[in-house]
Structure formats: structure tokens, C-alpha cells
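Have a look at my_file_39.pdb; it's PDB, C-alpha atoms:
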MODEL        1
ATOM      1  CA  MET A  27     -80.248   0.665 -30.816  1.00  0.00           C
ATOM      2  CA  ALA A  28     -78.981  -0.310 -27.353  1.00  0.00           C
ATOM      3  CA  ALA A  29     -76.029  -2.193 -28.829  1.00  0.00           C
ATOM      4  CA  ASP A  30     -75.119   0.761 -31.039  1.00  0.00           C
ATOM      5  CA  THR A  31     -75.294   3.074 -28.067  1.00  0.00           C
ATOM      6  CA  ASP A  32     -73.044   0.744 -26.063  1.00  0.00           C
ATOM      7  CA  GLU A  33     -70.492   0.653 -28.899  1.00  0.00           C
ATOM      8  CA  CYS A  34     -70.444   4.458 -28.980  1.00  0.00           C
ATOM      9  CA  LYS A  35     -69.981   4.614 -25.216  1.00  0.00           C
ATOM     10  CA  TYR A  36     -67.152   2.052 -24.949  1.00  0.00           C
ATOM     11  CA  PHE A  37     -64.260   0.699 -26.957  1.00  0.00           C
ATOM     12  CA  VAL A  38     -62.428  -2.476 -25.972  1.00  0.00           C
ATOM     13  CA  ARG A  39     -58.746  -3.175 -25.427  1.00  0.00           C
ATOM     14  CA  GLU A  40     -57.647  -6.783 -25.104  1.00  0.00           C
ATOM     15  CA  LEU A  41     -54.724  -7.889 -22.947  1.00  0.00           C
ATOM     16  CA  GLU A  42     -53.522 -11.426 -23.534  1.00  0.00           C
ATOM     17  CA  ARG A  43     -52.401 -13.450 -20.541  1.00  0.00           C
ATOM     18  CA  ASN A  44     -49.481 -15.861 -20.744  1.00  0.00           C
ATOM     19  CA  ASP A  45     -51.907 -18.775 -21.099  1.00  0.00           C
ATOM     20  CA  GLY A  46     -53.411 -17.265 -24.256  1.00  0.00           C
ATOM     21  CA  CYS A  47     -56.697 -16.127 -22.688  1.00  0.00           C
ATOM     22  CA  ALA A  48     -57.412 -12.421 -23.027  1.00  0.00           C
ATOM     23  CA  LEU A  49     -58.854  -9.862 -20.650  1.00  0.00           C
ATOM     24  CA  LYS A  50     -61.324  -7.638 -22.486  1.00  0.00           C
ATOM     25  CA  VAL A  51     -61.235  -4.169 -20.971  1.00  0.00           C
ATOM     26  CA  LYS A  52     -63.851  -1.594 -21.879  1.00  0.00           C
ATOM     27  CA  GLN A  53     -62.716   2.014 -22.057  1.00  0.00           C
ATOM     28  CA  CYS A  54     -64.966   5.059 -22.280  1.00  0.00           C
ATOM     29  CA  CYS A  55     -65.046   7.040 -25.520  1.00  0.00           C
ATOM     30  CA  THR A  56     -65.435  10.214 -23.478  1.00  0.00           C
ATOM     31  CA  GLY A  57     -64.476  11.046 -19.915  1.00  0.00           C
ATOM     32  CA  GLY A  58     -61.546  11.750 -17.631  1.00  0.00           C
ATOM     33  CA  VAL A  59     -58.204  10.065 -17.009  1.00  0.00           C
ATOM     34  CA  GLY A  60     -59.744   7.053 -15.273  1.00  0.00           C
ATOM     35  CA  CYS A  61     -61.754   5.990 -18.309  1.00  0.00           C
ATOM     36  CA  VAL A  62     -58.914   4.588 -20.429  1.00  0.00           C
ATOM     37  CA  VAL A  63     -56.197   1.946 -20.037  1.00  0.00           C
ATOM     38  CA  TRP A  64     -52.865   3.677 -19.465  1.00  0.00           C
ATOM     39  CA  ASP A  65     -49.557   2.081 -20.471  1.00  0.00           C
ATOM     40  CA  ALA A  66     -48.396   1.803 -16.855  1.00  0.00           C
ATOM     41  CA  ALA A  67     -51.473  -0.283 -16.056  1.00  0.00           C
ATOM     42  CA  ILE A  68     -50.618  -2.715 -18.863  1.00  0.00           C
ATOM     43  CA  VAL A  69     -46.981  -2.939 -17.707  1.00  0.00           C
ATOM     44  CA  LEU A  70     -48.088  -3.609 -14.122  1.00  0.00           C
ATOM     45  CA  ALA A  71     -50.742  -6.155 -15.123  1.00  0.00           C
ATOM     46  CA  LYS A  72     -48.194  -8.157 -17.139  1.00  0.00           C
ATOM     47  CA  TYR A  73     -45.617  -7.851 -14.333  1.00  0.00           C
ATOM     48  CA  LEU A  74     -48.033  -9.786 -12.085  1.00  0.00           C
ATOM     49  CA  GLU A  75     -47.530 -12.787 -14.398  1.00  0.00           C
ATOM     50  CA  THR A  76     -43.717 -12.801 -14.250  1.00  0.00           C
ATOM     51  CA  GLU A  77     -41.864 -15.747 -12.769  1.00  0.00           C
ATOM     52  CA  GLN A  78     -41.126 -14.251  -9.342  1.00  0.00           C
ATOM     53  CA  PHE A  79     -44.870 -14.520  -8.643  1.00  0.00           C
ATOM     54  CA  HIS A  80     -44.980 -18.176  -9.691  1.00  0.00           C
ATOM     55  CA  ASP A  81     -44.573 -20.847  -7.035  1.00  0.00           C
ATOM     56  CA  ALA A  82     -42.878 -23.659  -8.937  1.00  0.00           C
ATOM     57  CA  SER A  83     -43.359 -26.430  -6.374  1.00  0.00           C
ATOM     58  CA  PRO A  84     -47.169 -26.745  -6.394  1.00  0.00           C
ATOM     59  CA  GLY A  85     -47.397 -25.108  -9.811  1.00  0.00           C
ATOM     60  CA  ALA A  86     -49.569 -22.317  -8.440  1.00  0.00           C
ATOM     61  CA  ASP A  87     -49.252 -18.579  -8.655  1.00  0.00           C
ATOM     62  CA  VAL A  88     -48.248 -16.661  -5.542  1.00  0.00           C
ATOM     63  CA  TRP A  89     -51.437 -14.644  -6.094  1.00  0.00           C
ATOM     64  CA  SER A  90     -53.677 -17.578  -5.183  1.00  0.00           C
ATOM     65  CA  GLY A  91     -55.675 -16.627  -2.081  1.00  0.00           C
ATOM     66  CA  ARG A  92     -53.784 -13.363  -1.544  1.00  0.00           C
ATOM     67  CA  THR A  93     -55.786 -10.263  -0.634  1.00  0.00           C
ATOM     68  CA  VAL A  94     -55.268  -7.280  -2.923  1.00  0.00           C
ATOM     69  CA  VAL A  95     -56.511  -3.680  -2.965  1.00  0.00           C
ATOM     70  CA  GLU A  96     -56.002  -1.623  -6.111  1.00  0.00           C
ATOM     71  CA  LEU A  97     -55.984   2.161  -5.716  1.00  0.00           C
ATOM     72  CA  GLY A  98     -57.115   4.459  -8.538  1.00  0.00           C
ATOM     73  CA  ALA A  99     -58.178   1.386 -10.485  1.00  0.00           C
ATOM     74  CA  GLY A 100     -59.809   3.253 -13.406  1.00  0.00           C
ATOM     75  CA  THR A 101     -60.794   0.502 -15.859  1.00  0.00           C
ATOM     76  CA  GLY A 102     -59.721  -2.189 -13.383  1.00  0.00           C
ATOM     77  CA  VAL A 103     -57.285  -3.973 -15.717  1.00  0.00           C
ATOM     78  CA  VAL A 104     -54.592  -4.521 -13.060  1.00  0.00           C
ATOM     79  CA  GLY A 105     -57.051  -5.846 -10.473  1.00  0.00           C
ATOM     80  CA  LEU A 106     -58.698  -8.041 -13.102  1.00  0.00           C
ATOM     81  CA  MET A 107     -55.346  -9.616 -13.933  1.00  0.00           C
ATOM     82  CA  ALA A 108     -54.653 -10.286 -10.232  1.00  0.00           C
ATOM     83  CA  ALA A 109     -58.124 -11.809  -9.744  1.00  0.00           C
ATOM     84  CA  SER A 110     -57.716 -13.997 -12.821  1.00  0.00           C
ATOM     85  CA  LEU A 111     -54.485 -15.301 -11.252  1.00  0.00           C
ATOM     86  CA  GLY A 112     -56.357 -16.310  -8.081  1.00  0.00           C
ATOM     87  CA  ALA A 113     -56.190 -13.244  -5.825  1.00  0.00           C
ATOM     88  CA  GLU A 114     -59.075 -11.887  -3.729  1.00  0.00           C
ATOM     89  CA  VAL A 115     -59.218  -8.360  -5.145  1.00  0.00           C
ATOM     90  CA  THR A 116     -60.964  -5.127  -4.272  1.00  0.00           C
ATOM     91  CA  VAL A 117     -60.612  -2.494  -6.994  1.00  0.00           C
ATOM     92  CA  THR A 118     -61.214   1.045  -5.762  1.00  0.00           C
ATOM     93  CA  ASP A 119     -61.792   4.419  -7.345  1.00  0.00           C
ATOM     94  CA  LEU A 120     -64.172   7.357  -7.123  1.00  0.00           C
ATOM     95  CA  GLU A 121     -67.944   7.016  -7.468  1.00  0.00           C
ATOM     96  CA  ASP A 122     -68.025   8.050 -11.143  1.00  0.00           C
ATOM     97  CA  LEU A 123     -65.753   5.125 -12.137  1.00  0.00           C
ATOM     98  CA  GLN A 124     -67.848   2.427 -10.455  1.00  0.00           C
ATOM     99  CA  THR A 125     -70.066   1.740 -13.477  1.00  0.00           C
ATOM    100  CA  LEU A 126     -67.053   1.161 -15.722  1.00  0.00           C
ATOM    101  CA  LEU A 127     -65.395  -1.060 -13.114  1.00  0.00           C
ATOM    102  CA  ARG A 128     -68.546  -3.156 -12.752  1.00  0.00           C
ATOM    103  CA  GLU A 129     -68.850  -3.444 -16.549  1.00  0.00           C
ATOM    104  CA  ASN A 130     -65.310  -4.779 -16.812  1.00  0.00           C
ATOM    105  CA  ILE A 131     -65.747  -7.184 -13.910  1.00  0.00           C
ATOM    106  CA  HIS A 132     -68.855  -8.570 -15.602  1.00  0.00           C
ATOM    107  CA  GLU A 133     -67.106  -8.775 -18.984  1.00  0.00           C
ATOM    108  CA  ASN A 134     -64.229 -10.863 -17.571  1.00  0.00           C
ATOM    109  CA  GLN A 135     -66.015 -12.989 -14.980  1.00  0.00           C
ATOM    110  CA  ALA A 136     -65.366 -16.200 -16.942  1.00  0.00           C
ATOM    111  CA  LEU A 137     -61.592 -15.766 -16.485  1.00  0.00           C
ATOM    112  CA  ILE A 138     -61.895 -15.401 -12.704  1.00  0.00           C
ATOM    113  CA  THR A 139     -62.191 -19.017 -11.618  1.00  0.00           C
ATOM    114  CA  SER A 140     -60.362 -19.266  -8.288  1.00  0.00           C
ATOM    115  CA  GLY A 141     -60.031 -15.605  -7.288  1.00  0.00           C
ATOM    116  CA  SER A 142     -62.628 -12.879  -6.793  1.00  0.00           C
ATOM    117  CA  ILE A 143     -63.046  -9.189  -7.554  1.00  0.00           C
ATOM    118  CA  THR A 144     -65.269  -6.461  -6.123  1.00  0.00           C
ATOM    119  CA  ALA A 145     -65.470  -2.741  -6.919  1.00  0.00           C
ATOM    120  CA  LYS A 146     -65.779  -0.199  -4.101  1.00  0.00           C
ATOM    121  CA  VAL A 147     -65.518   3.546  -3.654  1.00  0.00           C
ATOM    122  CA  LEU A 148     -62.417   4.844  -1.903  1.00  0.00           C
ATOM    123  CA  LYS A 149     -61.511   8.501  -1.784  1.00  0.00           C
ATOM    124  CA  TRP A 150     -57.852   8.896  -0.927  1.00  0.00           C
ATOM    125  CA  GLY A 151     -57.141  10.184   2.566  1.00  0.00           C
ATOM    126  CA  GLU A 152     -60.549   9.210   3.938  1.00  0.00           C
ATOM    127  CA  ASP A 153     -61.569   6.373   6.262  1.00  0.00           C
ATOM    128  CA  ALA A 154     -60.330   3.011   4.965  1.00  0.00           C
ATOM    129  CA  SER A 155     -61.465   0.760   7.819  1.00  0.00           C
ATOM    130  CA  GLU A 156     -63.757  -1.323   5.591  1.00  0.00           C
ATOM    131  CA  PHE A 157     -60.665  -2.476   3.636  1.00  0.00           C
ATOM    132  CA  LEU A 158     -58.880  -3.769   6.734  1.00  0.00           C
ATOM    133  CA  PRO A 159     -57.195  -5.961   7.901  1.00  0.00           C
ATOM    134  CA  PRO A 160     -54.296  -4.825   5.713  1.00  0.00           C
ATOM    135  CA  PRO A 161     -54.126  -6.674   2.389  1.00  0.00           C
ATOM    136  CA  HIS A 162     -51.144  -8.729   1.280  1.00  0.00           C
ATOM    137  CA  TYR A 163     -50.718  -6.389  -1.699  1.00  0.00           C
ATOM    138  CA  ILE A 164     -51.705  -2.868  -2.706  1.00  0.00           C
ATOM    139  CA  LEU A 165     -51.486  -2.186  -6.443  1.00  0.00           C
ATOM    140  CA  MET A 166     -51.358   1.258  -8.036  1.00  0.00           C
ATOM    141  CA  ALA A 167     -50.682   2.249 -11.642  1.00  0.00           C
ATOM    142  CA  ASP A 168     -50.149   5.848 -12.753  1.00  0.00           C
ATOM    143  CA  CYS A 169     -51.573   7.389  -9.601  1.00  0.00           C
ATOM    144  CA  ILE A 170     -48.877  10.072  -9.256  1.00  0.00           C
ATOM    145  CA  TYR A 171     -49.957  13.031 -11.356  1.00  0.00           C
ATOM    146  CA  TYR A 172     -52.217  15.442  -9.421  1.00  0.00           C
ATOM    147  CA  GLU A 173     -50.393  17.709  -6.991  1.00  0.00           C
ATOM    148  CA  GLN A 174     -53.425  17.985  -4.721  1.00  0.00           C
ATOM    149  CA  SER A 175     -53.741  14.186  -4.467  1.00  0.00           C
ATOM    150  CA  ILE A 176     -50.210  13.475  -3.187  1.00  0.00           C
ATOM    151  CA  VAL A 177     -50.877  13.953   0.540  1.00  0.00           C
ATOM    152  CA  PRO A 178     -54.173  12.003   0.595  1.00  0.00           C
ATOM    153  CA  LEU A 179     -52.663   9.192  -1.526  1.00  0.00           C
ATOM    154  CA  VAL A 180     -49.778   8.693   0.911  1.00  0.00           C
ATOM    155  CA  GLU A 181     -52.258   8.895   3.789  1.00  0.00           C
ATOM    156  CA  SER A 182     -54.295   6.082   2.219  1.00  0.00           C
ATOM    157  CA  LEU A 183     -51.161   3.972   1.843  1.00  0.00           C
ATOM    158  CA  LYS A 184     -50.448   4.486   5.555  1.00  0.00           C
ATOM    159  CA  LEU A 185     -54.040   3.641   6.520  1.00  0.00           C
ATOM    160  CA  LEU A 186     -54.250   0.518   4.348  1.00  0.00           C
ATOM    161  CA  SER A 187     -50.832  -1.084   4.727  1.00  0.00           C
ATOM    162  CA  GLY A 188     -49.480  -3.288   7.471  1.00  0.00           C
ATOM    163  CA  PRO A 189     -45.938  -4.521   8.169  1.00  0.00           C
ATOM    164  CA  GLU A 190     -46.384  -7.443   5.733  1.00  0.00           C
ATOM    165  CA  THR A 191     -48.080  -5.461   2.940  1.00  0.00           C
ATOM    166  CA  CYS A 192     -46.210  -5.087  -0.338  1.00  0.00           C
ATOM    167  CA  ILE A 193     -47.257  -2.018  -2.315  1.00  0.00           C
ATOM    168  CA  ILE A 194     -46.502  -2.415  -6.021  1.00  0.00           C
ATOM    169  CA  CYS A 195     -46.431   0.988  -7.696  1.00  0.00           C
ATOM    170  CA  CYS A 196     -46.044   1.429 -11.441  1.00  0.00           C
ATOM    171  CA  TYR A 197     -45.809   4.882 -12.963  1.00  0.00           C
ATOM    172  CA  GLU A 198     -44.774   6.568 -16.152  1.00  0.00           C
ATOM    173  CA  GLN A 199     -42.070   9.176 -15.600  1.00  0.00           C
ATOM    174  CA  ARG A 200     -43.163  12.414 -17.257  1.00  0.00           C
ATOM    175  CA  THR A 201     -40.834  15.336 -17.813  1.00  0.00           C
ATOM    176  CA  GLU A 202     -43.262  18.063 -18.861  1.00  0.00           C
ATOM    177  CA  GLY A 203     -44.992  20.699 -16.746  1.00  0.00           C
ATOM    178  CA  VAL A 204     -45.422  20.088 -13.027  1.00  0.00           C
ATOM    179  CA  ASN A 205     -44.977  16.306 -13.286  1.00  0.00           C
ATOM    180  CA  PRO A 206     -41.332  16.126 -12.085  1.00  0.00           C
ATOM    181  CA  GLU A 207     -42.153  18.243  -9.041  1.00  0.00           C
ATOM    182  CA  VAL A 208     -45.252  16.159  -8.259  1.00  0.00           C
ATOM    183  CA  GLU A 209     -43.184  12.957  -8.430  1.00  0.00           C
ATOM    184  CA  ARG A 210     -40.455  14.483  -6.255  1.00  0.00           C
ATOM    185  CA  ARG A 211     -42.956  15.545  -3.598  1.00  0.00           C
ATOM    186  CA  PHE A 212     -44.686  12.157  -3.624  1.00  0.00           C
ATOM    187  CA  PHE A 213     -41.473  10.212  -3.009  1.00  0.00           C
ATOM    188  CA  GLU A 214     -40.233  12.729  -0.457  1.00  0.00           C
ATOM    189  CA  LEU A 215     -43.444  12.273   1.534  1.00  0.00           C
ATOM    190  CA  LEU A 216     -43.582   8.520   0.953  1.00  0.00           C
ATOM    191  CA  GLN A 217     -40.050   7.896   2.206  1.00  0.00           C
ATOM    192  CA  GLN A 218     -40.870   9.316   5.623  1.00  0.00           C
ATOM    193  CA  ASN A 219     -42.744   6.067   6.364  1.00  0.00           C
ATOM    194  CA  PHE A 220     -41.859   3.629   3.576  1.00  0.00           C
ATOM    195  CA  ASN A 221     -38.876   2.000   1.875  1.00  0.00           C
ATOM    196  CA  CYS A 222     -38.826   1.754  -1.923  1.00  0.00           C
ATOM    197  CA  GLU A 223     -37.150  -0.890  -4.087  1.00  0.00           C
ATOM    198  CA  LYS A 224     -36.942  -0.315  -7.843  1.00  0.00           C
ATOM    199  CA  ILE A 225     -37.590  -3.429  -9.943  1.00  0.00           C
ATOM    200  CA  PRO A 226     -35.046  -3.810 -12.762  1.00  0.00           C
ATOM    201  CA  SER A 227     -36.288  -4.226 -16.329  1.00  0.00           C
ATOM    202  CA  GLU A 228     -35.021  -7.811 -16.537  1.00  0.00           C
ATOM    203  CA  LYS A 229     -37.544  -8.797 -13.851  1.00  0.00           C
ATOM    204  CA  GLN A 230     -40.419  -7.218 -15.784  1.00  0.00           C
ATOM    205  CA  ASP A 231     -42.322  -8.691 -18.703  1.00  0.00           C
ATOM    206  CA  PRO A 232     -39.885  -8.683 -21.643  1.00  0.00           C
ATOM    207  CA  GLU A 233     -42.488  -7.387 -24.098  1.00  0.00           C
ATOM    208  CA  PHE A 234     -44.533  -5.090 -21.887  1.00  0.00           C
ATOM    209  CA  SER A 235     -41.938  -2.761 -20.382  1.00  0.00           C
ATOM    210  CA  SER A 236     -40.506   0.667 -21.139  1.00  0.00           C
ATOM    211  CA  PRO A 237     -37.541   2.783 -19.937  1.00  0.00           C
ATOM    212  CA  ASP A 238     -40.032   5.519 -18.988  1.00  0.00           C
ATOM    213  CA  ILE A 239     -42.255   3.238 -16.898  1.00  0.00           C
ATOM    214  CA  HIS A 240     -40.981   2.268 -13.450  1.00  0.00           C
ATOM    215  CA  ILE A 241     -42.106  -0.448 -11.046  1.00  0.00           C
ATOM    216  CA  LEU A 242     -41.424  -0.139  -7.321  1.00  0.00           C
ATOM    217  CA  HIS A 243     -41.995  -2.435  -4.361  1.00  0.00           C
ATOM    218  CA  ILE A 244     -42.843  -0.274  -1.366  1.00  0.00           C
ATOM    219  CA  ARG A 245     -42.989  -1.469   2.251  1.00  0.00           C
ATOM    220  CA  ARG A 246     -43.541   0.201   5.589  1.00  0.00           C
ATOM    221  CA  LYS A 247     -40.435   1.060   7.572  1.00  0.00           C
ATOM    222  CA  ILE A 248     -40.099  -1.176  10.622  1.00  0.00           C
TER     223      ILE A 248
ENDMDL
END
Kindly present the structure from the file in C-alpha cells form.
Amino acid sequence: MAADTDECKYFVRELERNDGCALKVKQCCTGGVGCVVWDAAIVLAKYLETEQFHDASPGADVWSGRTVVELGAGTGVVGLMAASLGAEVTVTDLEDLQTLLRENIHENQALITSGSITAKVLKWGEDASEFLPPPHYILMADCIYYEQSIVPLVESLKLLSGPETCIICCYEQRTEGVNPEVERRFFELLQQNFNCEKIPSEKQDPEFSSPDIHILHIRRKI
């Protein structure tokens, strides 16, 4: 009965890495926006495997040994990809997503051979001192959609990032309802303290990309 119950609670989406191994990501059959794998998360996860993150000389990925914090991790697919490429990852989300994050970490532990991954609670805008010193990378996929979360999200980016931190933000541009205004406000607030560089489609994964899904590199203004 336990197995049947588990099957009813979760359904699995697989994401194949370039080496043929696949991340197996559990999603919740019921729940809020954090319980499923969104397209922007897939696009960002596959972007982490593109050639600009591959160090050709020693044949190692740039991710090896890099510290990473993922914001609004949801299922954890982006952080899992980074960890499987050798990064030291902390995936963060609210308390009610921690069980799902831990499930997915456990499910994919065999693929994480040189990196590491831990799940922790982080509420945007609140104290982030336990995640310091600033990580090399902050990853965020589809975090720009709630109007009330814009100010605390930008505050967390300010609290977590240092002068060397690269924030990689991937989001799906939505044209309905309040979404355009929410996006406008986010970037207006963000650009007070950060510079944004849009990544062209030719630098993204050729299969996992979309005209509606944008990737940005964001860094603190000097």
C-alpha cells in the first residue's frame, strides 16, 4: 500500500544530461506552484551544461567546486543539475517544499559524485547570514510572478551576492494579467543595484530553449 500511496503522491519527470544519465525529479500530484517542474527550470538546468561552463584544458566543468545557492528551488531540478556537475549546492525554498526537495536529493544521490547538495529554508527578504560568504553563483528559475514577492526577492539577492557572484536568472515571459507589470517592477528595482546581461539563444541548449524563456546573467554594480 505504501508504494501505491507514493505513486499517487508523486509523478516523475526525467531530464537527461549530456552524458546520457538522467535526473529523476519527483513532482507532487497536488499542491502549489513549487511542486512541479516548470519549463524555465528545465531550460536553466540544461544551460548549465552548455560549453561556456566547460573548461576544456583539464576537461572539467566550471561548476566543479563552485558554491551555488538556488532560490525558489521548488523540485530542486536546477540545483540537482549543478550538483551533478560538481558544484557545492544549497537549494532553498519555503518550509512546505523541504520534503519534496529532500525526496529529490535522495532520488538522485548516485549522480552526485564530486559535488554536494543540501536543502534549507530561506524566506525571501529575511536574514541570509547562514548562506554567507557569498556564493559563486545564485540560480533562480521562474521566480518572478508574485507582485508581493518582488521587493523581498531583490532584497535577498542583495543580501546573498558579493562582487564576484553571478546570478543566473531564467524566466518565462508571460503576457497575461499582472505578469508584465510584475516583471517591469522587478527589473526596475533590480537595476538600481545590479547590471543585467541577456544570454542569446545560440548560447543556450539548442534543444531546450524557447523564445518566451529568457536567461540573464546578473551582477552587482561596482
Next item on the list: Just give me the residues with any atom within 10 Å of (-46.2, -5.8, -25.8), file coordinates, counting only C-alpha atoms, written as number ranges by chain.
Entry: A: 41-42, 68-69, 72, 231-236
If we count only C-alpha atoms and set the cut-off at 10 Å, which residues sit around Glu133 of chain A, ignoring sequence neighbours fewer than 2 positions away in its own chain? Please answer as a list in words. Leu49, Lys50, Val51, Lys52, Leu127, Arg128, Glu129, Asn130, Ile131, Gln135, Ala136 and Leu137 of chain A
Write a file of the selected residues as an mmCIF file, in the coordinates of the input, keeping C-alpha atoms.
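The new file out.cif reads:
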data_model
loop_
_atom_site.group_PDB
_atom_site.id
_atom_site.type_symbol
_atom_site.label_atom_id
_atom_site.label_comp_id
_atom_site.auth_asym_id
_atom_site.auth_seq_id
_atom_site.Cartn_x
_atom_site.Cartn_y
_atom_site.Cartn_z
ATOM 1 C CA LEU A 49 -58.854 -9.862 -20.650
ATOM 2 C CA LYS A 50 -61.324 -7.638 -22.486
ATOM 3 C CA VAL A 51 -61.235 -4.169 -20.971
ATOM 4 C CA LYS A 52 -63.851 -1.594 -21.879
ATOM 5 C CA LEU A 127 -65.395 -1.060 -13.114
ATOM 6 C CA ARG A 128 -68.546 -3.156 -12.752
ATOM 7 C CA GLU A 129 -68.850 -3.444 -16.549
ATOM 8 C CA ASN A 130 -65.310 -4.779 -16.812
ATOM 9 C CA ILE A 131 -65.747 -7.184 -13.910
ATOM 10 C CA GLN A 135 -66.015 -12.989 -14.980
ATOM 11 C CA ALA A 136 -65.366 -16.200 -16.942
ATOM 12 C CA LEU A 137 -61.592 -15.766 -16.485
#
- request: Report as a PyMOL selection string the residues that result from applying the PyMOL selection byres ((chain A and resi 195-197) around 8) to the structure here.
  value: chain A and resi 66-67+69-70+165-170+193-194+198-199+239-244
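Taking atom CA of Leu186 of chain A and atom CA of Phe212 of chain A as the two end points, the separation is 17.0 Å.
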May I ask for the distance between atom CA of Ile225 of chain A and atom CA of Gly46 of chain A, given in Å to one decimal place?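 Here the two named atoms are 25.4 Å from each other.
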Length of the atom CA of Ser182 of chain A to atom CA of Arg210 of chain A vector [Å]
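Between these atoms lies a distance of 18.3 Å.
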**Message:** Could you list, as a list of chain:residue names, every residue matched by the PyMOL selection byres ((chain A and resi 124) around 12) in this structure?
**Reply:**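 Going through the file, the PyMOL selection byres ((chain A and resi 124) around 12) ends up selecting A:Gly60, A:Cys61, A:Gly98, A:Ala99, A:Gly100, A:Thr101, A:Gly102, A:Thr116, A:Val117, A:Thr118, A:Asp119, A:Leu120, A:Glu121, A:Asp122, A:Leu123, A:Thr125, A:Leu126, A:Leu127, A:Arg128, A:Glu129, A:Asn130, A:Ile131, A:Thr144, A:Ala145, A:Lys146, A:Val147, A:Leu148.
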Checklist entry - Can you tell me, as a PyMOL selection string, what residues are no more than 9 Å from Val208 of chain A when counting all atoms listed in the file, ignoring any on the same chain fewer than 5 positions away? => result chain A and resi 170-173+176+213
Using only C-alpha atoms, the shortest atom-to-atom distance to Met107 of chain A among A:Arg43, A:Trp64, A:His80, A:Thr93 belongs to A:Arg43
Picked residues, the PyMOL selection byres ((chain A and resi 161) around 7), as a VMD selection string
chain A and resid 93 to 95 159 to 160 162 to 164 187 191
Check: Given the choices A:Gln230, A:Thr76, A:Ser90, A:Gln174, which gets closest to Val115 of chain A if the distance is worked out from all atoms listed in the file?
Finding: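 Distance minimum relative to Val115 of chain A lands on A:Ser90.
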